[in-house]
Amino acid sequence: SFAKAWRGHGADRAILGGLMGLDVDDERLRNSRNIADAAGMKYSFRNVYLSDTHPNTLLLRVTGESGKALKLQAASIGGGRIEVQYIDDLEAGFAGDKPTLIVPHYDVPGVIAFVAGCLSEANINIARMGVFRQEAGGAAVMIIETDGLPEETVVEKLKLMPSVLNVTLLESL
């Protein structure tokens, strides 16, 4: 259904606006294509077939100015809610309605305990947590939804763990 309705629903404008940091109630959203063009942003939209997915699923492939690339699959599940299903082909399964830490890491002992310990020391409660990996010892990702917003010092401390590749904090979507 998304393949047929996304243009009429303004999904393209919403996606571009989100990538540029516009809030959902920002009046400029309706002009986000023009704003993106003026900023020199290169983008394209096309329909693709994704098997065994929610009918309102979107696959994003983005590359930042630094050259860093991200592949993200998410679905609009109704009522203004989304579900992020995959990040760089690793299962994710989160809604983004709570502060969320995305922690790509190597699957080695101690990483989960280190991250949980840092959050505990900062008095941040874990509301929901998932750890996803492709294979033992390989690439993995922790998705941690929290009851409170971790301070930037917590994020920086998490980045110090050698097995942690990066930390992204989403305040909420």
# chains A, B, ... in the order shown; residues from 1 in each chain; ligands from 1
>>> residues_around(residues="stretch 3-19 of chain A", least_positions_apart="4", cutoff="7 Å", atoms="only C-alpha atoms", output="list of chain:residue names")
A:Asp23, A:Leu29, A:Arg30, A:Ser32, A:Arg33, A:Asn47
>>> residues_around(residues="stretch 114-120 of chain A", least_positions_apart="3", cutoff="12 Å", atoms="only C-alpha atoms", output="NGL selection string")
:A and (101-105 or 108-111 or 123-129 or 131 or 141-164 or 167)
>>> select_by_dssp(residues="stretch 109-143 of chain A", states="helix (DSSP H, G or I)", output="VMD selection string")
chain A and resid 111 to 121
>>> atom_distance(atom1="atom CA of A:Leu169", atom2="atom CA of A:Glu65")
19.3 Å
>>> residues_around(residues="A:Ala74", least_positions_apart="5", cutoff="10 Å", atoms="only C-alpha atoms", output="list in words")
Thr53, His54, Asn56, Thr57, Leu58, Leu59, Leu60, Ile82, Glu83, Val84, Gln85, Tyr86, Ile87, Ala92, Gly93, Phe94 and Ala95 of chain A
>>> write_last_selection(atoms="N, CA and C atoms", output="compact mmCIF listing (two decimals), in the first residue's frame")
# COMPACT_ATOMS: atom_id res chain seq x y z
N THR A 53 7.20 -8.21 4.59
CA THR A 53 7.28 -6.98 5.37
C THR A 53 5.89 -6.38 5.54
N HIS A 54 5.78 -5.47 6.47
CA HIS A 54 4.56 -4.69 6.65
C HIS A 54 4.29 -3.94 5.35
N ASN A 56 3.47 -0.99 4.75
CA ASN A 56 3.94 0.39 4.75
C ASN A 56 5.40 0.46 5.16
N THR A 57 6.22 -0.33 4.50
CA THR A 57 7.64 -0.41 4.83
C THR A 57 8.46 0.45 3.88
N LEU A 58 9.49 1.04 4.44
CA LEU A 58 10.38 1.93 3.72
C LEU A 58 11.81 1.47 3.92
N LEU A 59 12.59 1.48 2.87
CA LEU A 59 14.01 1.14 2.95
C LEU A 59 14.79 2.40 2.59
N LEU A 60 15.58 2.89 3.56
CA LEU A 60 16.39 4.08 3.34
C LEU A 60 17.85 3.68 3.18
N ILE A 82 5.97 4.40 14.19
CA ILE A 82 6.84 3.67 13.28
C ILE A 82 7.51 2.53 14.04
N GLU A 83 8.06 1.62 13.29
CA GLU A 83 8.89 0.56 13.86
C GLU A 83 10.13 0.43 13.00
N VAL A 84 11.29 0.66 13.60
CA VAL A 84 12.56 0.46 12.89
C VAL A 84 12.85 -1.03 12.96
N GLN A 85 12.92 -1.67 11.79
CA GLN A 85 13.06 -3.12 11.73
C GLN A 85 14.51 -3.56 11.60
N TYR A 86 15.28 -2.89 10.75
CA TYR A 86 16.67 -3.28 10.50
C TYR A 86 17.53 -2.03 10.38
N ILE A 87 18.76 -2.14 10.88
CA ILE A 87 19.78 -1.13 10.67
C ILE A 87 20.98 -1.86 10.10
N ALA A 92 16.57 -4.74 14.43
CA ALA A 92 16.56 -3.65 15.40
C ALA A 92 15.29 -3.69 16.26
N GLY A 93 14.13 -3.60 15.64
CA GLY A 93 12.87 -3.74 16.34
C GLY A 93 12.59 -2.73 17.44
N PHE A 94 12.59 -1.45 17.12
CA PHE A 94 12.23 -0.45 18.12
C PHE A 94 11.35 0.63 17.50
N ALA A 95 10.62 1.32 18.37
CA ALA A 95 9.65 2.31 17.90
C ALA A 95 10.17 3.74 17.94
